[in-house]
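Text of the file final.pdb, holding PDB, C-alpha atoms:
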ATOM      1  CA  MET A   1      -0.474 -23.650   7.693
ATOM      2  CA  PRO A   2       1.760 -22.366  10.504
ATOM      3  CA  LEU A   3       3.551 -19.040  10.358
ATOM      4  CA  HIS A   4       6.426 -19.332   7.902
ATOM      5  CA  PRO A   5       9.517 -20.474   9.847
ATOM      6  CA  GLU A   6      11.716 -17.666   8.479
ATOM      7  CA  ILE A   7       9.180 -15.084   9.631
ATOM      8  CA  ALA A   8       8.769 -16.802  12.995
ATOM      9  CA  LYS A   9      12.540 -16.829  13.525
ATOM     10  CA  ILE A  10      12.889 -13.105  12.826
ATOM     11  CA  LEU A  11       9.883 -12.141  14.950
ATOM     12  CA  ALA A  12      11.309 -14.150  17.851
ATOM     13  CA  SER A  13      14.573 -12.198  17.641
ATOM     14  CA  LEU A  14      12.976  -8.761  17.825
ATOM     15  CA  PRO A  15      13.227  -6.813  21.094
ATOM     16  CA  ALA A  16      10.103  -5.909  23.018
ATOM     17  CA  PRO A  17       8.618  -2.574  21.953
ATOM     18  CA  PRO A  18       9.582   0.345  24.191
ATOM     19  CA  GLU A  19       7.125   1.359  26.867
ATOM     20  CA  GLY A  20       5.449   4.738  26.897
ATOM     21  CA  PRO A  21       4.046   6.898  24.113
ATOM     22  CA  LEU A  22       5.235   6.357  20.546
ATOM     23  CA  ASP A  23       7.822   8.794  19.230
ATOM     24  CA  PRO A  24       7.261   9.217  15.477
ATOM     25  CA  VAL A  25      10.577  10.968  14.870
ATOM     26  CA  ALA A  26      12.598   8.235  16.569
ATOM     27  CA  MET A  27      10.604   5.489  14.856
ATOM     28  CA  ARG A  28      11.169   7.053  11.436
ATOM     29  CA  ALA A  29      14.892   7.249  12.108
ATOM     30  CA  ALA A  30      14.950   3.574  13.089
ATOM     31  CA  ASP A  31      13.114   2.673   9.870
ATOM     32  CA  GLU A  32      15.540   4.634   7.717
ATOM     33  CA  ALA A  33      18.515   2.966   9.437
ATOM     34  CA  HIS A  34      17.518  -0.382   7.921
ATOM     35  CA  VAL A  35      17.393   0.803   4.293
ATOM     36  CA  ALA A  36      19.688  -1.175   1.994
ATOM     37  CA  PRO A  37      22.693   0.643   0.497
ATOM     38  CA  LEU A  38      22.179   1.832  -3.065
ATOM     39  CA  ALA A  39      24.690  -0.675  -4.443
ATOM     40  CA  GLU A  40      22.589  -3.569  -3.118
ATOM     41  CA  ARG A  41      19.272  -2.467  -4.650
ATOM     42  CA  LEU A  42      17.613  -4.043  -7.671
ATOM     43  CA  PRO A  43      18.977  -2.271 -10.762
ATOM     44  CA  LEU A  44      16.570  -0.661 -13.228
ATOM     45  CA  HIS A  45      16.988   1.404 -16.375
ATOM     46  CA  ALA A  46      16.490   4.631 -14.404
ATOM     47  CA  VAL A  47      15.456   5.835 -10.942
ATOM     48  CA  ASP A  48      14.809   9.558 -10.600
ATOM     49  CA  ASP A  49      13.733  11.778  -7.712
ATOM     50  CA  VAL A  50      11.551  14.638  -8.962
ATOM     51  CA  THR A  51       8.960  17.065  -7.664
ATOM     52  CA  ALA A  52       5.379  16.667  -8.814
ATOM     53  CA  ARG A  53       3.882  20.145  -9.035
ATOM     54  CA  THR A  54       0.238  19.502  -8.254
ATOM     55  CA  ALA A  55      -2.941  21.167  -7.071
ATOM     56  CA  SER A  56      -1.996  19.876  -3.602
ATOM     57  CA  GLY A  57       1.377  21.617  -3.764
ATOM     58  CA  ASP A  58       4.817  20.232  -4.495
ATOM     59  CA  VAL A  59       4.989  16.499  -3.733
ATOM     60  CA  PRO A  60       8.265  14.524  -3.842
ATOM     61  CA  VAL A  61       8.037  11.418  -6.009
ATOM     62  CA  ARG A  62      10.503   8.771  -7.130
ATOM     63  CA  ILE A  63      10.101   7.468 -10.671
ATOM     64  CA  TYR A  64      11.230   3.952 -11.564
ATOM     65  CA  THR A  65      11.680   3.249 -15.280
ATOM     66  CA  PRO A  66      12.078  -0.468 -16.030
ATOM     67  CA  ASP A  67      13.511  -0.301 -19.578
ATOM     68  CA  GLU A  68      14.490   1.947 -22.464
ATOM     69  CA  ALA A  69      11.016   2.273 -24.010
ATOM     70  CA  ASP A  70       9.841   5.830 -24.595
ATOM     71  CA  ARG A  71       6.301   5.189 -23.353
ATOM     72  CA  HIS A  72       4.932   3.021 -20.554
ATOM     73  CA  GLY A  73       1.859   2.230 -18.588
ATOM     74  CA  VAL A  74       2.061   3.819 -15.142
ATOM     75  CA  LEU A  75       1.594   2.459 -11.626
ATOM     76  CA  VAL A  76       1.320   4.984  -8.784
ATOM     77  CA  TYR A  77       2.482   3.475  -5.490
ATOM     78  CA  PHE A  78       1.592   4.607  -1.943
ATOM     79  CA  HIS A  79       3.841   3.246   0.807
ATOM     80  CA  GLY A  80       2.540   1.973   4.133
ATOM     81  CA  GLY A  81       3.432   2.952   7.684
ATOM     82  CA  ALA A  82       0.224   3.705   9.630
ATOM     83  CA  PHE A  83       0.097   7.180   8.043
ATOM     84  CA  PHE A  84       3.072   8.412  10.113
ATOM     85  CA  LEU A  85       5.923   6.096   9.069
ATOM     86  CA  GLY A  86       7.454   5.082   5.770
ATOM     87  CA  SER A  87       9.129   7.022   2.990
ATOM     88  CA  LEU A  88      10.441   6.791  -0.541
ATOM     89  CA  GLU A  89      13.529   5.146   0.963
ATOM     90  CA  THR A  90      11.938   2.566   3.267
ATOM     91  CA  HIS A  91       9.789   1.193   0.429
ATOM     92  CA  ASP A  92      12.257   1.699  -2.413
ATOM     93  CA  HIS A  93      12.747  -2.059  -2.809
ATOM     94  CA  VAL A  94       9.001  -2.626  -3.176
ATOM     95  CA  ALA A  95       8.707  -0.021  -5.921
ATOM     96  CA  ARG A  96      11.735  -1.456  -7.726
ATOM     97  CA  SER A  97      10.252  -4.952  -7.695
ATOM     98  CA  LEU A  98       6.915  -3.638  -8.981
ATOM     99  CA  ALA A  99       8.630  -1.871 -11.888
ATOM    100  CA  LYS A 100      10.839  -4.844 -12.718
ATOM    101  CA  GLU A 101       8.035  -7.415 -12.660
ATOM    102  CA  THR A 102       5.210  -5.432 -14.241
ATOM    103  CA  GLY A 103       7.178  -3.487 -16.852
ATOM    104  CA  LEU A 104       5.286  -0.358 -15.829
ATOM    105  CA  LYS A 105       6.800   2.970 -14.886
ATOM    106  CA  VAL A 106       6.277   3.230 -11.126
ATOM    107  CA  VAL A 107       5.705   6.563  -9.390
ATOM    108  CA  SER A 108       6.259   6.271  -5.631
ATOM    109  CA  VAL A 109       4.637   9.107  -3.693
ATOM    110  CA  GLY A 110       6.323  10.872  -0.773
ATOM    111  CA  TYR A 111       3.051  12.102   0.676
ATOM    112  CA  ARG A 112       2.852  14.200   3.845
ATOM    113  CA  LEU A 113       2.691  12.266   7.110
ATOM    114  CA  ALA A 114       0.718  12.613  10.327
ATOM    115  CA  PRO A 115       0.885  14.084  12.902
ATOM    116  CA  GLU A 116       2.774  17.008  11.374
ATOM    117  CA  ALA A 117       0.349  17.110   8.424
ATOM    118  CA  ALA A 118      -3.286  16.874   9.445
ATOM    119  CA  PHE A 119      -5.873  14.830   7.559
ATOM    120  CA  PRO A 120      -6.498  14.962   4.612
ATOM    121  CA  ALA A 121      -3.038  16.232   3.593
ATOM    122  CA  GLY A 122      -1.573  12.821   2.763
ATOM    123  CA  LEU A 123      -4.685  11.721   0.902
ATOM    124  CA  ASP A 124      -4.757  14.998  -1.028
ATOM    125  CA  ASP A 125      -1.146  14.463  -2.088
ATOM    126  CA  CYS A 126      -1.885  10.952  -3.342
ATOM    127  CA  CYS A 127      -4.946  12.091  -5.290
ATOM    128  CA  ALA A 128      -3.062  14.986  -6.825
ATOM    129  CA  VAL A 129      -0.097  12.883  -7.938
ATOM    130  CA  VAL A 130      -2.392  10.414  -9.712
ATOM    131  CA  ARG A 131      -3.906  13.256 -11.739
ATOM    132  CA  TRP A 132      -0.446  14.734 -12.345
ATOM    133  CA  ALA A 133       0.856  11.392 -13.632
ATOM    134  CA  ALA A 134      -1.817  11.346 -16.335
ATOM    135  CA  GLU A 135      -0.872  14.782 -17.670
ATOM    136  CA  PRO A 136       1.582  15.229 -20.563
ATOM    137  CA  ASP A 137       3.375  17.948 -18.584
ATOM    138  CA  ALA A 138       4.448  15.334 -16.042
ATOM    139  CA  GLY A 139       6.901  14.000 -18.611
ATOM    140  CA  LEU A 140       6.345  10.371 -17.650
ATOM    141  CA  GLY A 141       5.658   9.178 -21.159
ATOM    142  CA  TRP A 142       2.375   7.603 -20.092
ATOM    143  CA  ASP A 143       1.073   5.603 -23.031
ATOM    144  CA  GLY A 144      -2.579   6.258 -22.186
ATOM    145  CA  THR A 145      -3.339   2.642 -21.258
ATOM    146  CA  THR A 146      -2.685   1.350 -17.741
ATOM    147  CA  LEU A 147      -2.915   3.831 -14.872
ATOM    148  CA  ALA A 148      -2.856   1.577 -11.815
ATOM    149  CA  LEU A 149      -2.771   2.305  -8.087
ATOM    150  CA  ALA A 150      -0.960   0.087  -5.584
ATOM    151  CA  GLY A 151      -0.249   0.391  -1.874
ATOM    152  CA  ASP A 152       0.558  -1.656   1.196
ATOM    153  CA  SER A 153      -1.155  -1.388   4.602
ATOM    154  CA  SER A 154      -2.103   2.289   5.085
ATOM    155  CA  GLY A 155      -0.968   2.802   1.501
ATOM    156  CA  GLY A 156      -3.726   0.352   0.597
ATOM    157  CA  THR A 157      -6.143   2.585   2.498
ATOM    158  CA  PHE A 158      -5.079   5.430   0.252
ATOM    159  CA  VAL A 159      -5.505   3.270  -2.847
ATOM    160  CA  ALA A 160      -9.149   2.613  -1.993
ATOM    161  CA  ALA A 161      -9.796   6.214  -0.953
ATOM    162  CA  VAL A 162      -8.126   7.698  -4.051
ATOM    163  CA  ALA A 163     -10.059   5.354  -6.337
ATOM    164  CA  ALA A 164     -13.338   6.311  -4.633
ATOM    165  CA  ARG A 165     -12.647  10.039  -4.697
ATOM    166  CA  ALA A 166     -11.585   9.890  -8.361
ATOM    167  CA  HIS A 167     -14.803   8.062  -9.237
ATOM    168  CA  ASP A 168     -16.906  10.649  -7.427
ATOM    169  CA  ASP A 169     -15.029  13.479  -9.149
ATOM    170  CA  GLY A 170     -15.498  11.951 -12.602
ATOM    171  CA  PHE A 171     -11.790  11.155 -13.081
ATOM    172  CA  ASP A 172     -12.084   7.888 -14.986
ATOM    173  CA  ARG A 173      -8.491   7.127 -16.023
ATOM    174  CA  ILE A 174      -7.606   4.772 -13.151
ATOM    175  CA  THR A 175      -7.612   1.236 -14.543
ATOM    176  CA  HIS A 176      -6.657  -0.970 -11.555
ATOM    177  CA  GLN A 177      -6.416  -0.852  -7.767
ATOM    178  CA  ILE A 178      -4.004  -3.167  -5.935
ATOM    179  CA  LEU A 179      -4.196  -3.341  -2.163
ATOM    180  CA  TYR A 180      -1.626  -5.296  -0.139
ATOM    181  CA  TYR A 181      -3.035  -6.220   3.323
ATOM    182  CA  PRO A 182      -4.934  -2.914   3.471
ATOM    183  CA  SER A 183      -6.201  -1.139   6.574
ATOM    184  CA  LEU A 184      -9.785  -0.422   5.515
ATOM    185  CA  ASP A 185     -11.691  -0.045   8.780
ATOM    186  CA  LEU A 186     -10.083   2.240  11.333
ATOM    187  CA  ASP A 187     -12.694   1.361  13.951
ATOM    188  CA  PHE A 188     -10.565  -1.165  15.834
ATOM    189  CA  ASP A 189     -13.276  -2.803  17.926
ATOM    190  CA  ALA A 190     -11.969  -6.375  18.228
ATOM    191  CA  GLY A 191     -15.503  -7.713  17.953
ATOM    192  CA  ARG A 192     -15.832  -6.542  14.360
ATOM    193  CA  TYR A 193     -13.594  -9.122  12.681
ATOM    194  CA  ALA A 194     -12.480 -12.601  13.695
ATOM    195  CA  SER A 195      -8.937 -11.910  12.475
ATOM    196  CA  LEU A 196      -8.545  -9.160  15.088
ATOM    197  CA  ARG A 197      -8.989 -11.849  17.742
ATOM    198  CA  GLU A 198      -7.355 -14.834  16.025
ATOM    199  CA  ASN A 199      -4.202 -12.887  15.119
ATOM    200  CA  ALA A 200      -4.158 -10.558  18.098
ATOM    201  CA  GLN A 201      -0.665 -11.470  19.343
ATOM    202  CA  GLY A 202       2.573 -13.000  18.183
ATOM    203  CA  TYR A 203       2.578 -12.164  14.464
ATOM    204  CA  GLY A 204       4.324  -8.794  14.313
ATOM    205  CA  LEU A 205       1.412  -6.389  14.032
ATOM    206  CA  GLU A 206      -0.774  -6.872  17.120
ATOM    207  CA  THR A 207      -4.385  -5.874  17.616
ATOM    208  CA  ALA A 208      -3.588  -3.924  20.774
ATOM    209  CA  GLY A 209      -1.146  -1.792  18.801
ATOM    210  CA  LEU A 210      -3.587  -0.693  16.118
ATOM    211  CA  LYS A 211      -5.129   2.177  18.060
ATOM    212  CA  PRO A 212      -1.855   3.774  19.237
ATOM    213  CA  PHE A 213      -0.200   3.325  15.830
ATOM    214  CA  ASN A 214      -3.107   4.967  14.032
ATOM    215  CA  ALA A 215      -3.706   7.612  16.691
ATOM    216  CA  PHE A 216      -1.405  10.112  14.955
ATOM    217  CA  TYR A 217      -3.693   9.987  11.911
ATOM    218  CA  LEU A 218      -7.003   9.828  13.745
ATOM    219  CA  ASP A 219      -6.062  12.602  16.151
ATOM    220  CA  SER A 220      -5.195  14.814  13.176
ATOM    221  CA  GLY A 221      -8.825  14.865  12.088
ATOM    222  CA  ALA A 222      -9.341  11.534  10.300
ATOM    223  CA  ASP A 223     -12.780  10.238  11.359
ATOM    224  CA  PRO A 224     -13.084   6.406  11.290
ATOM    225  CA  ALA A 225     -16.718   6.799  10.183
ATOM    226  CA  ASP A 226     -15.642   8.662   7.030
ATOM    227  CA  PRO A 227     -15.427   6.299   4.019
ATOM    228  CA  LEU A 228     -12.296   8.137   2.884
ATOM    229  CA  VAL A 229     -10.697   7.036   6.168
ATOM    230  CA  SER A 230     -12.370   3.603   6.430
ATOM    231  CA  PRO A 231     -13.100   2.707   2.788
ATOM    232  CA  VAL A 232     -14.971  -0.483   3.691
ATOM    233  CA  LYS A 233     -17.723   1.802   5.057
ATOM    234  CA  ARG A 234     -18.449   3.280   1.620
ATOM    235  CA  ALA A 235     -22.091   2.506   0.867
ATOM    236  CA  ASP A 236     -21.804   2.159  -2.924
ATOM    237  CA  LEU A 237     -18.709   0.488  -4.366
ATOM    238  CA  SER A 238     -20.059   0.199  -7.899
ATOM    239  CA  GLY A 239     -18.097   1.742 -10.725
ATOM    240  CA  LEU A 240     -14.704   1.434  -9.016
ATOM    241  CA  PRO A 241     -11.675   0.021 -10.881
ATOM    242  CA  PRO A 242     -10.983  -3.725 -10.877
ATOM    243  CA  ALA A 243      -9.148  -4.740  -7.713
ATOM    244  CA  LEU A 244      -6.556  -7.173  -6.468
ATOM    245  CA  VAL A 245      -6.757  -7.441  -2.675
ATOM    246  CA  VAL A 246      -3.852  -9.344  -1.117
ATOM    247  CA  THR A 247      -4.260 -10.509   2.477
ATOM    248  CA  ALA A 248      -2.113 -12.482   4.919
ATOM    249  CA  GLN A 249      -3.236 -15.470   6.986
ATOM    250  CA  TYR A 250      -1.804 -14.158  10.270
ATOM    251  CA  ASP A 251      -2.748 -10.489   9.893
ATOM    252  CA  PRO A 252      -5.246  -8.842  12.274
ATOM    253  CA  LEU A 253      -6.427  -6.800   9.253
ATOM    254  CA  ARG A 254      -7.063  -9.877   7.083
ATOM    255  CA  ASP A 255     -10.840  -9.995   7.356
ATOM    256  CA  GLU A 256     -11.546  -6.352   6.542
ATOM    257  CA  GLY A 257      -9.515  -6.670   3.350
ATOM    258  CA  GLU A 258     -11.389  -9.794   2.350
ATOM    259  CA  LEU A 259     -14.714  -8.166   3.188
ATOM    260  CA  TYR A 260     -13.809  -5.262   0.897
ATOM    261  CA  GLY A 261     -13.114  -7.701  -1.926
ATOM    262  CA  ARG A 262     -16.456  -9.435  -1.415
ATOM    263  CA  ARG A 263     -18.315  -6.133  -1.311
ATOM    264  CA  LEU A 264     -16.633  -5.016  -4.534
ATOM    265  CA  ARG A 265     -17.788  -8.188  -6.271
ATOM    266  CA  GLU A 266     -21.314  -7.740  -4.897
ATOM    267  CA  ALA A 267     -21.266  -4.227  -6.406
ATOM    268  CA  GLY A 268     -20.344  -5.620  -9.805
ATOM    269  CA  VAL A 269     -16.641  -4.758  -9.654
ATOM    270  CA  GLU A 270     -14.131  -7.351 -10.810
ATOM    271  CA  ALA A 271     -12.167  -8.200  -7.658
ATOM    272  CA  THR A 272      -9.634 -10.888  -6.834
ATOM    273  CA  VAL A 273      -8.884 -11.690  -3.198
ATOM    274  CA  SER A 274      -5.633 -13.570  -2.681
ATOM    275  CA  ARG A 275      -4.689 -14.773   0.797
ATOM    276  CA  TYR A 276      -1.013 -15.644   1.394
ATOM    277  CA  GLU A 277      -0.816 -18.559   3.789
ATOM    278  CA  GLY A 278       1.835 -18.547   6.494
ATOM    279  CA  ALA A 279       2.344 -14.791   6.135
ATOM    280  CA  GLY A 280       1.682 -11.904   8.481
ATOM    281  CA  HIS A 281       1.079  -8.203   8.000
ATOM    282  CA  GLY A 282       3.885  -6.420   6.180
ATOM    283  CA  PHE A 283       5.184  -9.407   4.238
ATOM    284  CA  VAL A 284       5.492  -7.497   0.938
ATOM    285  CA  GLN A 285       7.776  -4.940   2.573
ATOM    286  CA  HIS A 286       9.688  -7.192   4.945
ATOM    287  CA  PHE A 287       9.589 -10.742   3.614
ATOM    288  CA  SER A 288       9.261 -10.622  -0.164
ATOM    289  CA  TRP A 289      12.795 -12.078  -0.324
ATOM    290  CA  ILE A 290      11.179 -15.404   0.654
ATOM    291  CA  PRO A 291      10.394 -17.055  -2.726
ATOM    292  CA  GLU A 292       6.768 -17.974  -1.973
ATOM    293  CA  TYR A 293       6.055 -14.375  -1.004
ATOM    294  CA  HIS A 294       8.037 -12.752  -3.807
ATOM    295  CA  ARG A 295       5.428 -14.207  -6.156
ATOM    296  CA  VAL A 296       3.103 -11.401  -5.018
ATOM    297  CA  PHE A 297       4.835  -9.273  -7.665
ATOM    298  CA  GLU A 298       4.164 -11.914 -10.319
ATOM    299  CA  GLU A 299       0.518 -12.068  -9.235
ATOM    300  CA  THR A 300       0.369  -8.275  -9.520
ATOM    301  CA  ARG A 301       1.829  -8.456 -13.029
ATOM    302  CA  ASP A 302      -0.657 -11.131 -14.089
ATOM    303  CA  PHE A 303      -3.595  -9.161 -12.677
ATOM    304  CA  LEU A 304      -2.527  -6.069 -14.602
ATOM    305  CA  ARG A 305      -2.055  -7.988 -17.835
ATOM    306  CA  ARG A 306      -5.427  -9.735 -17.693
ATOM    307  CA  ARG A 307      -7.074  -6.443 -18.577
TER
END

Mind turning this structure into structure tokens?
Amino acid sequence: MPLHPEIAKILASLPAPPEGPLDPVAMRAADEAHVAPLAERLPLHAVDDVTARTASGDVPVRIYTPDEADRHGVLVYFHGGAFFLGSLETHDHVARSLAKETGLKVVSVGYRLAPEAAFPAGLDDCCAVVRWAAEPDAGLGWDGTTLALAGDSSGGTFVAAVAARAHDDGFDRITHQILYYPSLDLDFDAGRYASLRENAQGYGLETAGLKPFNAFYLDSGADPADPLVSPVKRADLSGLPPALVVTAQYDPLRDEGELYGRRLREAGVEATVSRYEGAGHGFVQHFSWIPEYHRVFEETRDFLRRR
């Protein structure tokens, strides 16, 4: 199907990107300027900003409690933004929708960003918060059942990397991994995947922009050959948690996400790959107000409840 007309209309109205090198500070400020006022956000029982005191250091997290229950399953959420953009604020609406739809307590992680924090600082923060969330001292009221990971774009990269590192370290409490249009292969050779060529231009995220957008992360020491940087390169995917991999028809990253899902299944891992037709990269963050894309939260809920 063609690109959704609402998405096409908004993309057509966007100004051309500025020429010259990317300025992460200015881009973060522009992102924050579009955050909805607090009064317009989805209401929940409680939303609290706290500090997770972890082996990685103090990590800011925002905890979303959907109802009055004393104990909940927990979903730890990693925001996207090419490892240098995004924050607890820019993805607040995503975390709220996840809590509301799934009934889980959501912990959104304010991990350190490149280039100021070199690899693997952000990944270390995400790993540490997952372990912290499972501890009684965290005060989350985790009920000992669901401990899910979810993330969009580069946050999906962290989901896969955290799940793999936890498996290798013998931390077996993670029950689900949910990856929204993940970036799983940071070798951006356009010959590697058809979607890099088919969706190269005109859909928001463009193939030519992948290298400069990810350069802050790669130049900080993240090696694209490392499976913790490019999780699709991991040789053995067996033993990882069940996965929901959500992709978008018009996303340059579509095929690497779908390849990851296939490789998980080949390794004996339960994996669902769900492609959203008419959508482009970033639709969970930017276009989930469109009814056919808001159902991604319902699909997430159903995936979590199947197990």

Give me, as a tab-separated table, each residue of range 111-169 of chain A that comes within 8 Å of range 216-234 of chain A, together with its shortest interatomic pair and the distance in Å at one decimal, counting all atoms listed in the file, with rows ordered by chain and rising residue number.
residue	atom	partner	partner_atom	distance
A:Ala114	CA	A:Tyr217	CA	5.4
A:Pro115	CA	A:Phe216	CA	5.0
A:Ala117	CA	A:Ser220	CA	7.7
A:Ala118	CA	A:Ser220	CA	4.7
A:Phe119	CA	A:Gly221	CA	5.4
A:Pro120	CA	A:Ala222	CA	7.2
A:Thr157	CA	A:Pro231	CA	7.0
A:Ala160	CA	A:Pro231	CA	6.2
A:Ala161	CA	A:Leu228	CA	5.0
A:Ala164	CA	A:Leu228	CA	7.8
A:Arg165	CA	A:Leu228	CA	7.8

(message) Please list as JSON, numbers by chain every residue within 8 Å of Leu253 in chain A, counting only C-alpha atoms and excluding residues in the same chain fewer than 2 positions away.
(response) {"A": [181, 182, 183, 195, 196, 251, 255, 256, 257, 281]}

Can you report as JSON the centre and edge lengths in Å, to one decimal, of an axis-aligned box around the listed atoms of range 47-57 of chain A padded with 5 Å on each side?
{"center_x": 6.3, "center_y": 13.7, "center_z": -7.3, "size_x": 28.4, "size_y": 25.8, "size_z": 17.3}

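With CA of Leu22 in chain A on one side and CA of Glu206 in chain A on the other, the separation reads 14.9 Å.
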
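Put simply, the PyMOL selection byres ((chain A and resi 17-20) around 12) in this file takes in A:Leu11, A:Leu14, A:Pro15, A:Ala16, A:Pro21, A:Leu22, A:Asp23, A:Ala26, A:Met27, A:Gly204, A:Leu205, A:Glu206, A:Gly209, A:Pro212.
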
(request) Mind checking which residues fall within 12 Å of Gly191 in chain A, counting only C-alpha atoms, ignoring those fewer than 5 positions away in the same chain, and posting them as a PyMOL selection string? (result) chain A and resi 196-198+200+207+252+255

(message) On this structure, the PyMOL selection byres ((chain A and resi 75) around 7) would catch which residues? List them as a VMD selection string, sorted by chain and number.
(response) chain A and resid 73 to 74 76 to 77 104 to 107 147 to 150

(request) Please evaluate the PyMOL selection byres ((chain A and resi 84) around 9) against the structure above and give the resulting residues as number ranges by chain. (result) A: 24, 28, 80-83, 85-86, 112-116, 213-214, 216-217

(request) Find the distance between CA of Pro242 in chain A and CA of Val269 in chain A and write it in Å to one decimal. (result)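 Separating CA of Pro242 in chain A from CA of Val269 in chain A is a distance of 5.9 Å.
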
(message) My list of candidates is A:Asp172, A:Asp124, A:Asp189, A:Glu258. Which is closest to Thr146 in chain A when distances are computed with all atoms listed in the file?
(response) A:Asp172
